[in-house]
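The file query-v4.cif comes next; it holds mmCIF, C-alpha atoms and all ligand atoms.
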data_protein
loop_
_atom_site.label_atom_id
_atom_site.label_comp_id
_atom_site.auth_asym_id
_atom_site.auth_seq_id
_atom_site.Cartn_x
_atom_site.Cartn_y
_atom_site.Cartn_z
CA MET R 1 0.00 0.00 0.00
CA THR R 2 1.35 3.45 -0.86
CA MET R 3 1.02 6.30 1.57
CA THR R 4 -1.17 8.93 -0.01
CA LYS R 5 -2.53 10.70 3.08
CA ILE R 6 -0.25 12.10 5.72
CA ALA R 7 -0.63 14.22 8.84
CA VAL R 8 2.11 16.46 10.19
CA VAL R 9 1.94 17.19 13.92
CA GLY R 10 3.73 20.41 14.88
CA ALA R 11 3.74 23.30 12.38
CA GLY R 12 7.05 24.92 13.35
CA THR R 13 10.31 25.18 11.41
CA MET R 14 10.36 21.52 10.38
CA GLY R 15 6.67 20.64 10.28
CA LYS R 16 5.79 23.34 7.76
CA GLY R 17 8.70 22.33 5.52
CA ILE R 18 7.69 18.65 5.64
CA ALA R 19 4.05 19.53 4.91
CA PHE R 20 5.03 21.68 1.94
CA SER R 21 7.42 19.09 0.46
CA ALA R 22 4.76 16.37 0.67
CA ALA R 23 1.97 18.56 -0.71
CA ALA R 24 4.19 19.74 -3.58
CA ALA R 25 4.68 16.07 -4.52
CA GLY R 26 0.91 15.56 -4.68
CA VAL R 27 0.46 13.86 -1.30
CA SER R 28 -2.68 14.76 0.66
CA VAL R 29 -1.59 16.64 3.81
CA LYS R 30 -3.18 17.71 7.08
CA MET R 31 -1.25 19.93 9.50
CA HIS R 32 -1.88 20.07 13.21
CA ASP R 33 -0.51 22.37 15.89
CA VAL R 34 -1.85 23.41 19.27
CA SER R 35 -0.91 27.00 18.42
CA ASP R 36 -3.21 28.84 16.01
CA GLU R 37 -0.43 31.34 15.41
CA ALA R 38 1.95 28.53 14.34
CA LEU R 39 -0.74 27.21 11.95
CA LYS R 40 -1.21 30.69 10.52
CA GLN R 41 2.54 31.15 10.01
CA ALA R 42 2.78 27.69 8.44
CA GLN R 43 0.01 28.58 6.00
CA ILE R 44 1.85 31.77 4.97
CA TYR R 45 5.10 29.84 4.56
CA VAL R 46 3.56 27.05 2.47
CA LYS R 47 1.77 29.54 0.21
CA ASP R 48 5.04 31.41 -0.33
CA GLN R 49 6.89 28.18 -1.16
CA PHE R 50 4.26 27.28 -3.77
CA GLU R 51 4.59 30.79 -5.22
CA ARG R 52 8.32 30.19 -5.62
CA LEU R 53 7.69 26.93 -7.50
CA VAL R 54 5.32 28.76 -9.86
CA LYS R 55 7.89 31.53 -10.46
CA LYS R 56 10.55 28.90 -11.23
CA GLU R 57 8.03 27.26 -13.62
CA LYS R 58 8.31 23.94 -11.80
CA ILE R 59 4.55 23.77 -11.38
CA THR R 60 1.58 25.57 -12.98
CA ARG R 61 -0.42 28.14 -11.02
CA GLU R 62 -3.48 25.86 -11.20
CA GLN R 63 -1.51 22.93 -9.72
CA ALA R 64 -0.05 25.15 -7.00
CA THR R 65 -3.47 26.51 -6.04
CA LYS R 66 -5.01 23.05 -6.01
CA ARG R 67 -2.23 21.56 -3.88
CA PHE R 68 -2.11 24.49 -1.49
CA GLU R 69 -5.88 24.52 -1.04
CA GLY R 70 -5.80 20.75 -0.49
CA ILE R 71 -3.82 21.17 2.73
CA GLN R 72 -6.01 21.16 5.82
CA PHE R 73 -4.78 23.14 8.85
CA THR R 74 -6.36 22.12 12.15
CA ASN R 75 -5.81 22.52 15.88
CA GLU R 76 -7.64 19.21 16.50
CA LEU R 77 -5.24 16.25 16.63
CA LYS R 78 -7.95 13.63 16.04
CA GLU R 79 -9.27 15.47 12.99
CA ALA R 80 -5.73 15.60 11.56
CA VAL R 81 -4.88 11.92 11.91
CA TYR R 82 -8.06 9.81 11.90
CA ASP R 83 -7.82 8.80 8.21
CA CYS R 84 -4.11 9.07 7.40
CA ASP R 85 -1.57 6.47 6.28
CA LEU R 86 1.42 8.16 7.90
CA VAL R 87 1.84 10.65 10.75
CA ILE R 88 5.04 12.66 11.03
CA GLU R 89 5.45 14.25 14.46
CA ALA R 90 7.60 17.43 14.51
CA VAL R 91 6.95 19.00 17.91
CA LEU R 92 9.62 20.29 20.31
CA GLU R 93 12.55 18.02 21.14
CA VAL R 94 11.14 17.04 24.55
CA MET R 95 10.75 13.32 25.25
CA GLU R 96 7.69 13.67 27.53
CA LEU R 97 5.89 15.71 24.88
CA LYS R 98 6.69 13.23 22.12
CA THR R 99 5.63 10.21 24.19
CA SER R 100 2.34 11.84 25.19
CA ILE R 101 1.60 12.67 21.54
CA PHE R 102 2.43 9.12 20.41
CA LYS R 103 -0.04 7.72 22.95
CA GLN R 104 -2.74 9.89 21.40
CA LEU R 105 -1.66 9.05 17.85
CA ASP R 106 -1.97 5.37 18.67
CA GLU R 107 -5.52 5.98 19.81
CA PHE R 108 -6.65 8.30 17.00
CA ALA R 109 -4.77 7.10 13.87
CA PRO R 110 -6.08 4.12 11.84
CA ALA R 111 -4.62 0.70 12.68
CA HIS R 112 -2.61 0.55 9.44
CA ALA R 113 -0.97 3.98 9.91
CA ILE R 114 2.77 4.36 10.39
CA LEU R 115 3.82 6.75 13.17
CA ALA R 116 7.08 8.62 12.60
CA THR R 117 8.97 11.12 14.72
CA ASN R 118 11.23 13.81 13.26
CA THR R 119 13.40 13.83 16.39
CA SER R 120 17.00 14.90 15.75
CA THR R 121 18.54 12.80 18.47
CA MET R 122 16.07 10.86 20.62
CA SER R 123 15.18 7.19 20.79
CA PRO R 124 12.35 6.13 18.44
CA THR R 125 12.24 2.86 20.43
CA GLU R 126 11.37 4.74 23.62
CA ILE R 127 8.73 6.80 21.80
CA ALA R 128 7.28 3.70 20.07
CA ALA R 129 7.03 1.87 23.39
CA GLN R 130 4.12 4.17 24.29
CA THR R 131 2.04 2.59 21.53
CA MET R 132 0.48 -0.79 20.78
CA ARG R 133 2.18 -0.75 17.35
CA PRO R 134 5.94 -0.38 17.92
CA ASP R 135 6.54 -2.34 14.70
CA GLN R 136 4.86 0.55 12.81
CA CYS R 137 6.95 3.28 14.46
CA LEU R 138 10.26 4.80 13.42
CA ALA R 139 12.06 8.11 13.07
CA LEU R 140 12.09 10.03 9.80
CA HIS R 141 14.73 12.69 10.30
CA PHE R 142 14.34 15.51 7.77
CA PHE R 143 16.82 18.37 7.40
CA ASN R 144 16.42 22.13 7.48
CA PRO R 145 15.29 23.78 5.23
CA VAL R 146 13.22 20.74 4.22
CA PRO R 147 12.29 21.84 0.67
CA LYS R 148 16.00 22.21 -0.19
CA MET R 149 17.60 19.36 1.71
CA LYS R 150 17.62 16.01 -0.05
CA LEU R 151 18.26 13.67 2.87
CA ILE R 152 15.97 11.73 5.17
CA GLU R 153 17.58 9.53 7.81
CA VAL R 154 15.26 6.54 8.25
CA ILE R 155 15.94 5.35 11.79
CA CYS R 156 14.82 1.88 12.82
CA GLY R 157 13.90 1.30 16.43
CA LEU R 158 14.19 -2.06 18.13
CA GLU R 159 10.77 -3.29 16.97
CA THR R 160 10.44 -1.46 13.63
CA SER R 161 9.36 -3.97 10.96
CA GLU R 162 10.97 -4.32 7.53
CA ASP R 163 7.58 -3.53 6.00
CA THR R 164 7.46 -0.19 7.87
CA ILE R 165 11.01 0.68 6.80
CA ASP R 166 10.19 -0.23 3.20
CA LYS R 167 7.08 1.94 3.13
CA ALA R 168 8.89 4.84 4.77
CA MET R 169 11.71 4.64 2.23
CA ARG R 170 9.20 4.60 -0.63
CA PHE R 171 7.41 7.60 0.85
CA GLY R 172 10.76 9.46 0.97
CA GLU R 173 11.33 8.73 -2.71
CA THR R 174 7.78 9.82 -3.58
CA ILE R 175 8.46 13.27 -2.19
CA GLY R 176 11.82 13.51 -3.97
CA LYS R 177 14.18 12.76 -1.09
CA GLU R 178 17.06 10.32 -0.69
CA CYS R 179 16.96 8.01 2.31
CA VAL R 180 19.70 6.41 4.38
CA ARG R 181 18.91 3.58 6.77
CA ILE R 182 20.27 4.04 10.27
CA ASN R 183 20.08 1.70 13.25
CA GLU R 184 19.02 3.60 16.33
CA PHE R 185 21.75 5.15 18.45
CA PRO R 186 21.60 8.62 20.07
CA GLY R 187 22.10 11.37 17.49
CA PHE R 188 21.79 8.86 14.58
CA ALA R 189 24.44 9.78 11.97
CA VAL R 190 24.13 13.46 11.05
CA SER R 191 23.19 15.08 14.40
CA ARG R 192 25.85 13.07 16.21
CA MET R 193 28.57 14.59 14.01
CA ASN R 194 27.03 17.98 13.33
CA CYS R 195 26.22 18.84 16.97
CA LEU R 196 29.84 18.19 17.87
CA ILE R 197 31.14 20.48 15.10
CA GLY R 198 28.68 23.22 16.07
CA ASN R 199 29.53 22.95 19.76
CA GLU R 200 33.26 23.14 19.03
CA ALA R 201 32.68 26.26 16.91
CA MET R 202 30.80 27.81 19.87
CA ASN R 203 33.65 26.89 22.24
CA MET R 204 36.03 28.64 19.83
CA VAL R 205 33.90 31.81 19.88
CA MET R 206 33.94 31.68 23.69
CA GLU R 207 37.74 31.21 23.77
CA GLY R 208 38.22 34.17 21.40
CA VAL R 209 39.88 32.00 18.74
CA ALA R 210 38.07 33.87 15.94
CA THR R 211 34.87 35.75 15.20
CA PRO R 212 31.70 33.81 14.21
CA GLU R 213 32.13 35.24 10.70
CA ASP R 214 35.69 33.95 10.37
CA ILE R 215 34.91 30.53 11.89
CA ASP R 216 32.06 30.08 9.40
CA LYS R 217 34.21 31.39 6.53
CA ALA R 218 36.99 28.95 7.47
CA MET R 219 34.64 25.96 7.31
CA LYS R 220 33.04 27.10 4.05
CA LEU R 221 36.26 27.88 2.19
CA GLY R 222 38.56 25.42 3.93
CA LEU R 223 36.30 22.35 4.00
CA ASN R 224 33.71 23.28 1.37
CA HIS R 225 30.79 23.20 3.83
CA PRO R 226 27.85 25.02 2.22
CA MET R 227 27.12 26.80 5.51
CA GLY R 228 29.27 27.60 8.51
CA PRO R 229 28.46 25.76 11.78
CA LEU R 230 27.32 28.95 13.55
CA GLU R 231 25.01 30.19 10.80
CA LEU R 232 23.61 26.66 10.66
CA ALA R 233 22.99 26.65 14.43
CA ASP R 234 21.17 29.99 14.06
CA LEU R 235 19.03 28.46 11.31
CA VAL R 236 18.23 25.34 13.36
CA GLY R 237 17.27 27.48 16.39
CA LEU R 238 19.59 27.71 19.40
CA ASP R 239 16.85 26.42 21.76
CA THR R 240 16.42 23.31 19.59
CA ARG R 241 20.21 22.88 19.37
CA LEU R 242 20.55 23.17 23.15
CA ARG R 243 17.90 20.45 23.66
CA ASN R 244 19.80 18.26 21.17
CA MET R 245 23.09 18.82 23.03
CA GLU R 246 21.51 18.14 26.43
CA TYR R 247 20.12 14.82 25.19
CA LEU R 248 23.42 13.80 23.59
CA TYR R 249 25.33 14.85 26.72
CA LYS R 250 23.00 12.67 28.81
CA THR R 251 23.26 9.68 26.49
CA LEU R 252 26.74 9.89 24.93
CA GLY R 253 28.72 11.68 27.62
CA GLU R 254 31.18 14.47 28.28
CA LYS R 255 32.21 15.41 24.74
CA TYR R 256 28.64 16.60 24.11
CA ARG R 257 28.51 18.97 27.12
CA PRO R 258 26.66 22.04 25.74
CA CYS R 259 28.94 25.05 25.28
CA PRO R 260 28.14 27.62 28.05
CA ILE R 261 27.70 30.36 25.45
CA LEU R 262 24.85 28.35 23.87
CA THR R 263 23.09 28.04 27.22
CA LYS R 264 23.62 31.75 27.90
CA TYR R 265 22.21 32.83 24.50
CA VAL R 266 19.11 30.67 24.98
CA LYS R 267 18.55 32.14 28.46
CA ALA R 268 18.78 35.62 26.93
CA GLY R 269 16.20 34.72 24.25
CA ARG R 270 18.82 34.83 21.48
CA LEU R 271 17.46 31.82 19.59
CA GLY R 272 18.94 32.48 16.14
CA ARG R 273 16.99 33.46 13.03
CA LYS R 274 13.59 32.86 14.57
CA SER R 275 14.13 35.51 17.27
CA GLY R 276 16.19 37.88 15.09
CA ARG R 277 19.47 37.33 16.95
CA GLY R 278 21.78 34.43 17.70
CA PHE R 279 25.45 34.32 16.72
CA TYR R 280 24.40 36.85 14.07
CA THR R 281 21.79 39.61 13.95
CA TYR R 282 19.01 39.24 11.33
P1 LIG J 1 9.77 24.49 16.45
O1 LIG J 1 9.95 25.02 17.82
O2 LIG J 1 10.05 25.39 15.29
O3 LIG J 1 8.26 23.94 16.25
C1 LIG J 1 7.65 23.07 17.14
C2 LIG J 1 6.14 23.22 17.00
O4 LIG J 1 5.50 22.24 17.84
C3 LIG J 1 5.59 24.59 17.45
O5 LIG J 1 4.85 25.18 16.38
C4 LIG J 1 4.70 24.25 18.63
O6 LIG J 1 3.53 25.08 18.73
C5 LIG J 1 4.31 22.81 18.31
N1 LIG J 1 3.81 22.07 19.46
C6 LIG J 1 4.21 22.11 20.75
N2 LIG J 1 3.48 21.27 21.50
C7 LIG J 1 2.60 20.66 20.67
C8 LIG J 1 1.57 19.69 20.84
N3 LIG J 1 1.33 19.16 22.02
N4 LIG J 1 0.86 19.31 19.76
C9 LIG J 1 1.10 19.85 18.54
N5 LIG J 1 2.06 20.78 18.30
C10 LIG J 1 2.80 21.18 19.36
O7 LIG J 1 10.67 23.17 16.38
P2 LIG J 1 11.42 22.53 15.10
O8 LIG J 1 12.74 23.19 14.94
O9 LIG J 1 10.46 22.46 13.96
O10 LIG J 1 11.73 21.07 15.66
C11 LIG J 1 10.72 20.07 15.68
C12 LIG J 1 11.39 18.72 15.77
O11 LIG J 1 12.22 18.53 14.61
C13 LIG J 1 12.30 18.54 16.98
O12 LIG J 1 12.21 17.22 17.42
C14 LIG J 1 13.68 18.85 16.41
O13 LIG J 1 14.72 18.26 17.14
C15 LIG J 1 13.55 18.25 15.03
N6 LIG J 1 14.45 18.80 14.00
C16 LIG J 1 14.72 20.13 13.97
C17 LIG J 1 15.56 20.61 12.96
C18 LIG J 1 15.85 22.09 12.85
O14 LIG J 1 16.77 22.45 12.09
N7 LIG J 1 15.12 22.97 13.52
C19 LIG J 1 16.14 19.74 12.03
C20 LIG J 1 15.82 18.38 12.09
C21 LIG J 1 14.97 17.91 13.09
#

For this file, write the structure as structure tokens.
Amino acid sequence: MTMTKIAVVGAGTMGKGIAFSAAAAGVSVKMHDVSDEALKQAQIYVKDQFERLVKKEKITREQATKRFEGIQFTNELKEAVYDCDLVIEAVLEVMELKTSIFKQLDEFAPAHAILATNTSTMSPTEIAAQTMRPDQCLALHFFNPVPKMKLIEVICGLETSEDTIDKAMRFGETIGKECVRINEFPGFAVSRMNCLIGNEAMNMVMEGVATPEDIDKAMKLGLNHPMGPLELADLVGLDTRLRNMEYLYKTLGEKYRPCPILTKYVKAGRLGRKSGRGFYTY
């Protein structure tokens, strides 16, 4: 069975990008968030992304209108998931929140539905254990900004079935992404490496080794990274990055201790692009 109807839970940075990418590929999408403001912002974002596709002549205006208008935005979780084939959860990186949502998804989503989390670091096995269908649970880790980034890490928990992995991989292909299969371990493949690079860059800012601009320039021109680690952290959101570091520190140990400057910026409300200031001012 192919997955033609999906629900995205959490309409923030990642959720809105996932919803747009799926809708642009012709998948039927419902978006849920508890915040009406987040739903409103997601709607504006998705409309703008469709406009860009029309301008680039990748899609006709009629197709864009039809696909945009096909997306349902709702603050009712049950309404969002009751008839879908796949749910992708993209709420805050907080284990208690994710587990409580998975319990509800298990109750409200149809028996055949696959339940996926977009966690950057956390255990899909622990999240799946809250449900009666751990074989139909896994992590689908998308990257930011979702419309541009090709990769999905498909992370198998302890009980994830081959059938679930197969369907998830096929869904990834349907929406134009490339998938890699990862066996669960904290931080998977990309976050485990990337969080360490970002944290080291922050330590270097704190030690006065170089300015954020020069650290980013060094990585872009010296190692051919498309973005510097500090501009990337600002894009991710420093609050999200701090939660990632705290989880990796707890699970993988000392080398992931969050840089004090990251903690200080988050306390000050300097969350990166989304708040207008992080390592850079926007
Ligand atoms: P975000 O803060 O931008 O958005 C989270 C959204 O979840 C908010 O709109 C919030 O209103 C909503 N929410 C909170 N509680 C909810 C609930 N009970 N039900 C429904 N919605 C609820 O966060 P984000 O950056 O999009 O991150 C979401 C997930 O994706 C996290 O697990 C994060 O680790 C992961 N992730 C983030 C990035 C990134 O670059 N930001 C990249 C890959 C994965």

Contact table chain R vs ligand LIG 1 (chain J), cut-off 7 Å, shortest pair per residue, all atoms listed in the file, as a Markdown table:
| residue | atom | partner | partner_atom | distance |
| --- | --- | --- | --- | --- |
| R:Val9 | CA | J:LIG1 | C9 | 5.4 |
| R:Gly10 | CA | J:LIG1 | N5 | 3.8 |
| R:Ala11 | CA | J:LIG1 | O5 | 4.6 |
| R:Gly12 | CA | J:LIG1 | O3 | 3.3 |
| R:Thr13 | CA | J:LIG1 | O9 | 3.7 |
| R:Met14 | CA | J:LIG1 | O9 | 3.7 |
| R:Gly15 | CA | J:LIG1 | O9 | 5.6 |
| R:His32 | CA | J:LIG1 | C9 | 6.1 |
| R:Asp33 | CA | J:LIG1 | N5 | 3.9 |
| R:Val34 | CA | J:LIG1 | C9 | 4.7 |
| R:Ser35 | CA | J:LIG1 | O6 | 4.8 |
| R:Ala38 | CA | J:LIG1 | O5 | 4.9 |
| R:Ala90 | CA | J:LIG1 | C12 | 4.2 |
| R:Val91 | CA | J:LIG1 | O4 | 3.6 |
| R:Leu92 | CA | J:LIG1 | C13 | 4.6 |
| R:Glu93 | CA | J:LIG1 | O12 | 3.8 |
| R:Leu97 | CA | J:LIG1 | N3 | 6.4 |
| R:Ile101 | CA | J:LIG1 | N3 | 6.5 |
| R:Asn118 | CA | J:LIG1 | O11 | 5.0 |
| R:Thr119 | CA | J:LIG1 | O12 | 3.7 |
| R:Ser120 | CA | J:LIG1 | O13 | 4.3 |
| R:Thr121 | CA | J:LIG1 | O13 | 6.8 |
| R:His141 | CA | J:LIG1 | C21 | 5.9 |
| R:Phe142 | CA | J:LIG1 | C20 | 5.4 |
| R:Phe143 | CA | J:LIG1 | C20 | 4.8 |
| R:Asn144 | CA | J:LIG1 | O14 | 4.6 |
| R:Leu235 | CA | J:LIG1 | O14 | 6.5 |
| R:Val236 | CA | J:LIG1 | O14 | 3.5 |
| R:Gly237 | CA | J:LIG1 | N7 | 5.8 |
| R:Thr240 | CA | J:LIG1 | O13 | 5.9 |
| R:Asn244 | CA | J:LIG1 | O13 | 6.5 |

Under the rule that all atoms listed in the file are counted, which of R:Asp239, R:Glu207, R:Glu254, R:Glu213 is the nearest residue to R:Thr281?
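Closest to R:Thr281, using all atoms listed in the file: R:Glu213.
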
Polymer residues at most 12 Å from (12.8, 25.1, 0.8) by all atoms listed in the file, as a list in words:
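Output: Thr13, Met14, Lys16, Gly17, Ile18, Ala19, Phe20, Ser21, Ala22, Ala24, Tyr45, Val46, Lys47, Asp48, Gln49, Phe50, Glu51, Arg52, Leu53, Phe142, Phe143, Asn144, Pro145, Val146, Pro147, Lys148, Met149 and Lys150 of chain R.
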
Write the selection just made, keeping C-alpha atoms, as a short mmCIF file (atom, residue, chain, number, x, y, z; two decimals), in the frame of the given file?
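Done, and the output landed in part_14.cif:
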data_model
loop_
_atom_site.label_atom_id
_atom_site.label_comp_id
_atom_site.auth_asym_id
_atom_site.auth_seq_id
_atom_site.Cartn_x
_atom_site.Cartn_y
_atom_site.Cartn_z
CA THR R 13 10.31 25.18 11.41
CA MET R 14 10.36 21.52 10.38
CA LYS R 16 5.79 23.34 7.76
CA GLY R 17 8.70 22.33 5.52
CA ILE R 18 7.69 18.65 5.64
CA ALA R 19 4.05 19.53 4.91
CA PHE R 20 5.03 21.68 1.94
CA SER R 21 7.42 19.09 0.46
CA ALA R 22 4.76 16.37 0.67
CA ALA R 24 4.19 19.74 -3.58
CA TYR R 45 5.10 29.84 4.56
CA VAL R 46 3.56 27.05 2.47
CA LYS R 47 1.77 29.54 0.21
CA ASP R 48 5.04 31.41 -0.33
CA GLN R 49 6.89 28.18 -1.16
CA PHE R 50 4.26 27.28 -3.77
CA GLU R 51 4.59 30.79 -5.22
CA ARG R 52 8.32 30.19 -5.62
CA LEU R 53 7.69 26.93 -7.50
CA PHE R 142 14.34 15.51 7.77
CA PHE R 143 16.82 18.37 7.40
CA ASN R 144 16.42 22.13 7.48
CA PRO R 145 15.29 23.78 5.23
CA VAL R 146 13.22 20.74 4.22
CA PRO R 147 12.29 21.84 0.67
CA LYS R 148 16.00 22.21 -0.19
CA MET R 149 17.60 19.36 1.71
CA LYS R 150 17.62 16.01 -0.05
#

What gap, in Å, lies between atom CA of R:Arg273 and atom CA of R:Gly198?
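These two atoms are separated by 15.8 Å.
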
Kindly give the distance, in Å, that separates atom CA of R:Ile175 and atom CA of R:Ala64, rounded to a single decimal.
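About the pair atom CA of R:Ile175 and atom CA of R:Ala64: they are 15.4 Å apart.
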
Any chance you could work out the axis-aligned box around stretch 147-161 of chain R, listed atoms only, 8 Å on each side, giving centre and edge lengths in Å to one decimal, as lines of an AutoDock Vina configuration file?
center_x = 13.8
center_y = 9.1
center_z = 9.0
size_x = 24.9
size_y = 42.2
size_z = 34.3

Using all atoms listed in the file, determine which residues lie at most 9 Å from R:Gln72, disregarding the query and same-chain residues fewer than 3 positions distant; provide the list as a count of residues only.
8

Counting only C-alpha atoms, figure out which residue out of R:Val154, R:Ala268, R:Cys137, R:Ala7 gets nearest to R:Asp85.
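When distances to R:Asp85 are compared using only C-alpha atoms, the smallest one comes from R:Ala7.
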
Could you pull the residues within 7 Å of R:Pro186, counting all atoms listed in the file, minus those fewer than 3 positions along the same chain, as a tab-separated table (two decimals) with C-alpha atoms, keeping the file's coordinate frame?
chain	number	residue	atom	x	y	z
R	121	THR	CA	18.54	12.80	18.47
R	122	MET	CA	16.07	10.86	20.62
R	123	SER	CA	15.18	7.19	20.79
R	248	LEU	CA	23.42	13.80	23.59
R	251	THR	CA	23.26	9.68	26.49

Nearest residue to R:Gln130 out of R:Ala109, R:Ile114, R:Ala189, R:Thr99, using all atoms listed in the file?
R:Thr99

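The space between atom CA of R:Glu184 and atom CA of R:Leu86 spans 20.0 Å.
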
For a quick check of understanding, using all atoms listed in the file, which of R:Ile71, R:Ala111, R:Cys84, R:Leu151 has the smallest distance to R:Asp135?
R:Ala111

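Checking R:Glu153, R:Glu107, R:Glu57, R:Asp216 one by one against R:Phe188, counting only C-alpha atoms, you find the shortest gap at R:Glu153.
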
Find the residues around stretch 218-230 of chain R up to 9 Å (all atoms listed in the file counted), leave out those fewer than 2 positions away in its own chain, and share them as an NGL selection string.
:R and (194-195 or 197-199 or 201-202 or 212-216 or 232-235 or 278-280)

With distances taken over all atoms listed in the file, which of R:Val266, R:Met206, R:Val8, R:Leu138 is nearest to R:Lys167?
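That would be R:Leu138, the residue with the smallest distance to R:Lys167.
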
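Neighbouring residues of R:Thr160 at 10 Å or closer, counting only C-alpha atoms and skipping chain neighbours under 2 positions away, are R:Pro124, R:Thr125, R:Ala128, R:Arg133, R:Pro134, R:Asp135, R:Gln136, R:Cys137, R:Leu138, R:Ala139, R:Ile155, R:Cys156, R:Gly157, R:Leu158, R:Glu162, R:Asp163, R:Thr164, R:Ile165.
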